[in-house]
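First up is the structure itself, then whatever we jot down about it.
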Amino acid sequence: ESTTFATTYKITSVPETNASIPIGRPIANTRVYLLDAHGQPVPLGAVGELYIGGAGVARGYLNRPELTAERFVPDPFSDEAGARLYKTGDLARYRPDGNLEFVGRNDEQVKIRGFRIEPGEIAACLTAHPQVRDTVVVTTGEGQDKRLVAYVVAEPNEALVGTLRAHVSAALPEYMVPSAFVRLDAWPLTPNGKLDRRALPAPDDEALAYQAYEAPQGELEATLAAIWAELLSVERVGRHDSFFALGGHSLLAMRLISRVRTALGVDLAIRTLFEAPTLAGLARHLVQHDGMQGDSFSVLLPLKPTGSRPALFCIHPGLGLSWSYMGLSSYLHPDQPLYGLQARGFDGTSPLASTLDEMVSDYLEQMRRVQPKGPYCLLGWSLGGNVAHSMAVRLEHQGGKVALLALLDSSPFAGKAFEEQGNQFDQAMVREVLAAHYGNELVSAMDERLLENTEEIAKNNVRIVRDYSPSQYGGDALLFRATVAEAGYEPLVTLDEWKPYVLGEIEVHDVHCSHGEMLKPEPTAAIASILACKLDKWESQQAQGVNKEDKAV
C-alpha cells in the first residue's frame with residue numbers, strides 16, 4: 001500500500017523496560033495525517049486513524065476495485081489532481097515532541113455507553129506499569145451492561161488490582177478504566193500458539209478493585225450497599241469500596257440518584273458521588289447534610305471544585321441547567337476545577353433575570369466567590385455562549401483578564417426558530433429535552449413543581465436573549481460548530497456571524513453532530529480534548545513566565 005516503511009524514529013539510547021517506542025515522523029515525500037471518524041484532524045494528544053499520503057502511496061489492489069475504493073481515498077489536503085490517502089486502520093497519537101505513537105487498530109475499537117474506546121490504548125497504559133509483563137483488554141456484556149475487562153500476566157500480589165486501577169485512572173478518563181482486572185500466570189494459547197480469547201476466565205469478585213472488606217454499619221450504609229450491589233451486579237459491598245472502582249460510571253450514577261430518592265427520600269446531588277465515591281463517605285455526606293442536596297439546582301454548581309488552576313466556568317443553555325458539562329472533567333487535567341453556572345428560579349422563589357446583563361452581573365459575582373481574581377476561563381453552549389461572551393466583554397471593560405472564551409454552537413442573535421421554539425415550551429417539551437440529556441430515570445425523580453419552574457426559566461431565557469444585543473470583545477475565542485442541521489433550529493453557525501463581536505482570532509472547530517448533541521459523549525470527547533490542550537498550553541506559558549521572573553529576580 002505504501003513504501004516499505006512510511007515513518008522513522010532514531011533510537012539514541014537503550015529504552016527503559018516496557019517503554020513505548022514511537023513510530024516517529026514521515027520519511028521524505030511522505031505525509032501522514034491523524035483523522036477522526038469524520039475525516040477531521042484530531043488535536044494534539046488525541047487518538048486518530050493514521051492516513052498516509054505522498055509519492056509512495058500505491059495505485060491500489062490488483063483486480064479488487066471495491067477494496068481499493070475503501071482503502072485508497074481522495075486526499076482533501078492536497079492541491080494535486082487525483083491525490084489519494086491510504087487509510088491504514090492503525091491508530092496513533094502525536095506525542096508533545098511531534099513523534100507518532102502507535103496505540104492499536106481501529107478494527108478492535110469498541111463502543112461503550114456512547115464512548116468509542118481503543119482497547120489497545122488501555123493495554124499500552126497497563127503494559128507501562130512495571131508489574132505487568134503483558135496484557136489484553138476485552139469487553140463483556142451487552143448494551144448498558146457492557147464493560148471492559150483487563151487481563152494481565154503478572155506475579156501474584158494482593159494489592160495488584162487496586163494498584164493497576166489507580167495507575168490507569170491517573171492516565172486515562174474514567175470511561176476507559178476497566179471494571180475488572182484478572183491476573184494470570186500465562187496466556188491460554190490455541191494449538192498454533194496464539195492467544196485463545198475464548199479460554200480467558202470470567203472475572204470474579206477478586207478481579208474488582210475492592211478495598212479491605214468492612215461490613216456496612218447502620219441502616220443507611222446497609223441500604224446504600226444493597227442499592228450498589230444491585231446496580232453494579234456484585235455480591236457484596238464494603239464500607240470502603242468505591243462506586244467507580246466496582247464498575248460504576250456516569251449513567252449508573254444517574255440511576256443511583258433515582259434509586260436513592262425512592263428508597264431514602266433523599267435528593268442526592270450529582271457531584272456528591274464524585275466527591276464521596278466510597279460507601280461510608282457517601283453515607284457520612286448524606287448525614288452531615290441532613291439529606292438535603294439542593295445544590296444540584298444552585299446558581300453555582302461545583303462539578304469538580306478541587307484543583308489549583310484557574311477554574312473553567314460553564315454557563316447553562318436554554319433550560320438553565322449545567323449538568324451536561326460534567327462529562328468534560330474526564331478529559332481535563334486532574335488539577336483543573338470545573339464549575340457550572342445555572343439559572344435562578346429552580347426553587348420557585350428566586351427572581352428570574354430580567355435581562356441578559358442582569359444575568360451576567362449575577363454570574364460574575366458567583367464566579368468571584370470561588371475565584372476572586374482572573375484570569376478567567378469561560379465556556380457556554382447555545383444561550384450559554386451568549387452569556388459567556390457578554391461576561392468576557394464585561395470583564396475586559398473592568399480590566400480583568402480572560403484566558404479562554406469557548407462558544408459551543410452559539411449564535412450572536414436568536415433567530416425566529418429559536419423564538420418559536422421558546423413560545424412552545426411546556427412541561428412535555430421540558431421532560432423530552434431533559435430526558436434526552438440526562439435520562440428518563442432522573443427526570444422521573446423531578447416533581448411537577450420543579451418541572452413548572454424549569455418551563456418558566458426556559459421561556460424567560462428565550463425572552464432575554466431575544467432582547468439582547470452583543471458588544472465587541474477584544475480577545476480571542478474558540479468556536480465549536482455543529483455540522484449536522486437539526487429540524488426546528490436555525491441554520492448552522494458561521495464564522496462571519498461572530499467576527500463583528502470578537503475582534504481577536506476566532507479559532508473554529510467543526511464537531512460532527514447536531515446542535516442538541518454537542519455534549520453527548522462523542523462530541524464531548526472531541527471538544528474536551530481541544531479544551532484540555534488549550535488549557536494545558538496556557539498553564540505551561542504561565543509557568544514559563546513565572547520561571548523567567550524568578551530568574552530575573
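Letters A, B, ... mark the chains of the C-alpha cells in the order given; residue numbers begin at 1 per chain; ligand numbers begin at 1, in order shown.
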Range 108-187 of chain A: residues DSSP assigns to helix (DSSP H, G or I), reported as a list in words: Glu108, Pro119, Gly120, Glu121, Ile122, Ala123, Ala124, Cys125, Leu126, Thr127, Gly143, Gln144, Asp145, Leu160, Val161, Gly162, Thr163, Leu164, Arg165, Ala166, His167, Val168, Ser169, Ala170, Ala171, Glu174, Tyr175 and Met176 of chain A
Write out as a Markdown table the residues of range 268-341 of chain A that have any atom within 12 Å of an atom of range 369-391 of chain A, one row each with the nearest atom pair and its distance in Å to one decimal, counting only C-alpha atoms, sorted by chain and then rising number.
| residue | atom | partner | partner_atom | distance |
| --- | --- | --- | --- | --- |
| A:Val299 | CA | A:Arg369 | CA | 11.7 |
| A:Leu300 | CA | A:Arg369 | CA | 9.3 |
| A:Leu301 | CA | A:Val370 | CA | 11.1 |
| A:Pro302 | CA | A:Val370 | CA | 9.8 |
| A:Pro305 | CA | A:Val370 | CA | 8.9 |
| A:Thr306 | CA | A:Val370 | CA | 10.8 |
| A:Gly307 | CA | A:Val370 | CA | 11.7 |
| A:Ser308 | CA | A:Gln371 | CA | 10.5 |
| A:Arg309 | CA | A:Pro375 | CA | 10.0 |
| A:Pro310 | CA | A:Tyr376 | CA | 6.5 |
| A:Ala311 | CA | A:Cys377 | CA | 6.5 |
| A:Leu312 | CA | A:Cys377 | CA | 4.9 |
| A:Phe313 | CA | A:Leu378 | CA | 5.0 |
| A:Cys314 | CA | A:Leu379 | CA | 4.7 |
| A:Ile315 | CA | A:Gly384 | CA | 4.7 |
| A:His316 | CA | A:Gly384 | CA | 5.0 |
| A:Pro317 | CA | A:Gly384 | CA | 4.8 |
| A:Gly318 | CA | A:Leu383 | CA | 5.6 |
| A:Leu319 | CA | A:Leu383 | CA | 9.2 |
| A:Gly320 | CA | A:Gly384 | CA | 8.9 |
| A:Leu321 | CA | A:Gly384 | CA | 10.1 |
| A:Ser322 | CA | A:Gly384 | CA | 9.4 |
| A:Trp323 | CA | A:Trp381 | CA | 11.9 |
| A:Ser324 | CA | A:Trp381 | CA | 9.8 |
| A:Tyr325 | CA | A:Trp381 | CA | 9.4 |
| A:Leu328 | CA | A:Leu379 | CA | 11.3 |
| A:Gln336 | CA | A:Cys377 | CA | 10.9 |
| A:Pro337 | CA | A:Val370 | CA | 10.3 |
| A:Leu338 | CA | A:Cys377 | CA | 9.9 |
| A:Tyr339 | CA | A:Val370 | CA | 9.5 |
| A:Gly340 | CA | A:Leu379 | CA | 9.4 |
| A:Leu341 | CA | A:Gly384 | CA | 9.1 |
Let me see the file: selected residues, N, CA and C atoms, as an mmCIF file, in the first residue's frame.
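Once written, selection-v8.cif looks like this:
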data_model
loop_
_atom_site.group_PDB
_atom_site.id
_atom_site.type_symbol
_atom_site.label_atom_id
_atom_site.label_comp_id
_atom_site.auth_asym_id
_atom_site.auth_seq_id
_atom_site.Cartn_x
_atom_site.Cartn_y
_atom_site.Cartn_z
ATOM 1 N N VAL A 299 -27.186 28.213 41.789
ATOM 2 C CA VAL A 299 -26.650 29.026 40.705
ATOM 3 C C VAL A 299 -25.207 28.614 40.390
ATOM 4 N N LEU A 300 -24.397 28.448 41.428
ATOM 5 C CA LEU A 300 -23.021 27.994 41.244
ATOM 6 C C LEU A 300 -22.973 26.498 41.542
ATOM 7 N N LEU A 301 -22.719 25.704 40.518
ATOM 8 C CA LEU A 301 -22.739 24.243 40.642
ATOM 9 C C LEU A 301 -21.312 23.704 40.590
ATOM 10 N N PRO A 302 -20.761 23.244 41.727
ATOM 11 C CA PRO A 302 -19.397 22.713 41.721
ATOM 12 C C PRO A 302 -19.370 21.307 41.113
ATOM 13 N N PRO A 305 -14.758 20.844 42.191
ATOM 14 C CA PRO A 305 -14.269 22.087 42.801
ATOM 15 C C PRO A 305 -12.809 22.079 43.213
ATOM 16 N N THR A 306 -12.139 20.936 43.143
ATOM 17 C CA THR A 306 -10.761 20.865 43.609
ATOM 18 C C THR A 306 -9.774 21.154 42.487
ATOM 19 N N GLY A 307 -8.593 21.663 42.872
ATOM 20 C CA GLY A 307 -7.541 21.953 41.903
ATOM 21 C C GLY A 307 -7.024 23.372 42.065
ATOM 22 N N SER A 308 -5.768 23.581 41.692
ATOM 23 C CA SER A 308 -5.126 24.881 41.891
ATOM 24 C C SER A 308 -5.136 25.751 40.640
ATOM 25 N N ARG A 309 -5.527 25.211 39.505
ATOM 26 C CA ARG A 309 -5.573 26.010 38.274
ATOM 27 C C ARG A 309 -6.771 26.955 38.294
ATOM 28 N N PRO A 310 -6.753 28.007 37.447
ATOM 29 C CA PRO A 310 -7.971 28.806 37.274
ATOM 30 C C PRO A 310 -9.118 27.912 36.800
ATOM 31 N N ALA A 311 -10.278 28.080 37.397
ATOM 32 C CA ALA A 311 -11.410 27.199 37.105
ATOM 33 C C ALA A 311 -11.954 27.440 35.694
ATOM 34 N N LEU A 312 -12.602 26.413 35.150
ATOM 35 C CA LEU A 312 -13.360 26.553 33.913
ATOM 36 C C LEU A 312 -14.822 26.700 34.306
ATOM 37 N N PHE A 313 -15.423 27.866 33.989
ATOM 38 C CA PHE A 313 -16.812 28.148 34.328
ATOM 39 C C PHE A 313 -17.680 27.934 33.092
ATOM 40 N N CYS A 314 -18.683 27.068 33.212
ATOM 41 C CA CYS A 314 -19.521 26.662 32.083
ATOM 42 C C CYS A 314 -20.939 27.192 32.295
ATOM 43 N N ILE A 315 -21.437 27.974 31.345
ATOM 44 C CA ILE A 315 -22.735 28.630 31.502
ATOM 45 C C ILE A 315 -23.813 27.813 30.800
ATOM 46 N N HIS A 316 -24.931 27.700 31.465
ATOM 47 C CA HIS A 316 -26.048 26.841 31.045
ATOM 48 C C HIS A 316 -26.628 27.207 29.684
ATOM 49 N N PRO A 317 -27.212 26.230 28.977
ATOM 50 C CA PRO A 317 -28.011 26.518 27.778
ATOM 51 C C PRO A 317 -29.420 26.964 28.176
ATOM 52 N N GLY A 318 -30.360 26.876 27.246
ATOM 53 C CA GLY A 318 -31.686 27.456 27.433
ATOM 54 C C GLY A 318 -32.487 26.959 28.608
ATOM 55 N N LEU A 319 -32.359 25.682 28.986
ATOM 56 C CA LEU A 319 -33.157 25.155 30.082
ATOM 57 C C LEU A 319 -32.612 25.537 31.454
ATOM 58 N N GLY A 320 -31.434 26.142 31.484
ATOM 59 C CA GLY A 320 -30.942 26.687 32.746
ATOM 60 C C GLY A 320 -30.056 25.783 33.570
ATOM 61 N N LEU A 321 -29.891 24.511 33.178
ATOM 62 C CA LEU A 321 -29.077 23.570 33.943
ATOM 63 C C LEU A 321 -27.700 23.385 33.307
ATOM 64 N N SER A 322 -26.698 23.131 34.159
ATOM 65 C CA SER A 322 -25.333 22.941 33.664
ATOM 66 C C SER A 322 -24.821 21.524 33.904
ATOM 67 N N TRP A 323 -25.714 20.599 34.133
ATOM 68 C CA TRP A 323 -25.296 19.218 34.423
ATOM 69 C C TRP A 323 -24.545 18.594 33.256
ATOM 70 N N SER A 324 -24.888 18.990 32.023
ATOM 71 C CA SER A 324 -24.280 18.363 30.841
ATOM 72 C C SER A 324 -22.772 18.543 30.785
ATOM 73 N N TYR A 325 -22.250 19.547 31.464
ATOM 74 C CA TYR A 325 -20.814 19.821 31.408
ATOM 75 C C TYR A 325 -20.006 18.860 32.269
ATOM 76 N N LEU A 328 -17.058 16.821 30.828
ATOM 77 C CA LEU A 328 -15.782 17.426 30.454
ATOM 78 C C LEU A 328 -14.665 17.048 31.416
ATOM 79 N N GLN A 336 -7.600 20.669 37.351
ATOM 80 C CA GLN A 336 -8.453 21.673 36.729
ATOM 81 C C GLN A 336 -9.832 21.707 37.397
ATOM 82 N N PRO A 337 -10.161 22.750 38.168
ATOM 83 C CA PRO A 337 -11.519 22.853 38.724
ATOM 84 C C PRO A 337 -12.544 23.106 37.619
ATOM 85 N N LEU A 338 -13.766 22.667 37.877
ATOM 86 C CA LEU A 338 -14.838 22.814 36.891
ATOM 87 C C LEU A 338 -16.127 23.201 37.616
ATOM 88 N N TYR A 339 -16.724 24.312 37.178
ATOM 89 C CA TYR A 339 -17.974 24.781 37.780
ATOM 90 C C TYR A 339 -19.011 25.023 36.692
ATOM 91 N N GLY A 340 -20.267 24.836 37.060
ATOM 92 C CA GLY A 340 -21.365 25.221 36.196
ATOM 93 C C GLY A 340 -22.051 26.448 36.768
ATOM 94 N N LEU A 341 -22.595 27.286 35.903
ATOM 95 C CA LEU A 341 -23.427 28.415 36.323
ATOM 96 C C LEU A 341 -24.831 28.157 35.805
#
Long-range neighbours of Arg25 in chain A as a VMD selection string, 12 Å cut-off, only C-alpha atoms, 3 positions minimum in chain: chain A and resid 5 to 10 22 28 to 33 50 52 92 to 95 97 to 102
For range 508-547 of chain A against range 166-190 of chain A, with a cut-off of 12 Å and counting only C-alpha atoms, what is the closest atom pair and its distance in Å to one decimal for every residue that makes the cut, ordered by chain and number, as a tab-separated table?
residue	atom	partner	partner_atom	distance
A:Pro521	CA	A:Tyr175	CA	10.1
A:Glu522	CA	A:Tyr175	CA	11.8
A:Ala525	CA	A:Pro173	CA	9.9
A:Ala528	CA	A:Pro173	CA	11.2
A:Ser529	CA	A:Pro173	CA	11.0
Who sits within 9 Å of Leu160 in chain A, only C-alpha atoms, same chain under 5 positions skipped, as a VMD selection string: chain A and resid 131 154 to 155 165 181 183 209
Output file for the residues above (C-alpha atoms, as a short mmCIF file (atom, residue, chain, number, x, y, z; two decimals), in the first residue's frame):
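Below is the file part.cif, written as the result:
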data_model
loop_
_atom_site.label_atom_id
_atom_site.label_comp_id
_atom_site.auth_asym_id
_atom_site.auth_seq_id
_atom_site.Cartn_x
_atom_site.Cartn_y
_atom_site.Cartn_z
CA GLN A 131 4.42 -5.22 37.45
CA ALA A 154 1.92 -10.60 36.32
CA GLU A 155 3.27 -12.01 39.56
CA ARG A 165 -6.80 0.62 38.64
CA PHE A 181 -8.51 -6.77 36.32
CA ARG A 183 -4.26 -11.72 36.82
CA ALA A 209 -10.94 -3.16 42.92
#
Strand (DSSP E or B) call set, DSSP backbone run, range 226-404 of chain A, as a PyMOL selection string: chain A and resi 242+278+300-304+312-315+338-341+376-381+402-404
Distance query range 55-63 of chain A at most 9 Å, only C-alpha atoms, self and fewer than 4 positions along chain excluded, as an MDAnalysis selection string: chainID A and resid 1:3 6 29:31 67:69 71:72 84:86
Distance query Val393 in chain A at most 9 Å, only C-alpha atoms, self and fewer than 4 positions along chain excluded, as a PDB file with C-alpha atoms, in the first residue's frame:
ATOM      1  CA  ALA A 388     -20.129  33.743  28.301  1.00  0.00           C
ATOM      2  CA  HIS A 389     -19.319  36.253  25.549  1.00  0.00           C
ATOM      3  CA  HIS A 397     -14.147  46.578  30.431  1.00  0.00           C
ATOM      4  CA  GLN A 398     -13.380  46.118  34.138  1.00  0.00           C
ATOM      5  CA  SER A 471     -20.979  44.090  22.320  1.00  0.00           C
ATOM      6  CA  GLN A 472     -17.442  43.800  20.993  1.00  0.00           C
ATOM      7  CA  TYR A 473     -14.933  41.619  22.799  1.00  0.00           C
ATOM      8  CA  GLY A 474     -11.270  42.420  22.084  1.00  0.00           C
ATOM      9  CA  GLY A 475      -9.806  38.986  22.831  1.00  0.00           C
TER      10      GLY A 475
END
Shortest interatomic distance to Asn453 in chain A - which of A:Pro351, A:Pro119, A:Pro523, A:Gly345, counting only C-alpha atoms: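 Ranking A:Pro351, A:Pro119, A:Pro523, A:Gly345 by distance to Asn453 in chain A, first place goes to A:Gly345.
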Top pick for closest residue to Met326 in chain A, considering A:Ala283, A:Leu519, A:Leu200, A:Ala485 and counting only C-alpha atoms: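 Looking only at the distances to Met326 in chain A, the closest residue turns out to be A:Leu519.
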Separation of CA of Ser540 in chain A from CA of His333 in chain A, in Å and rounded to one decimal: 12.2 Å
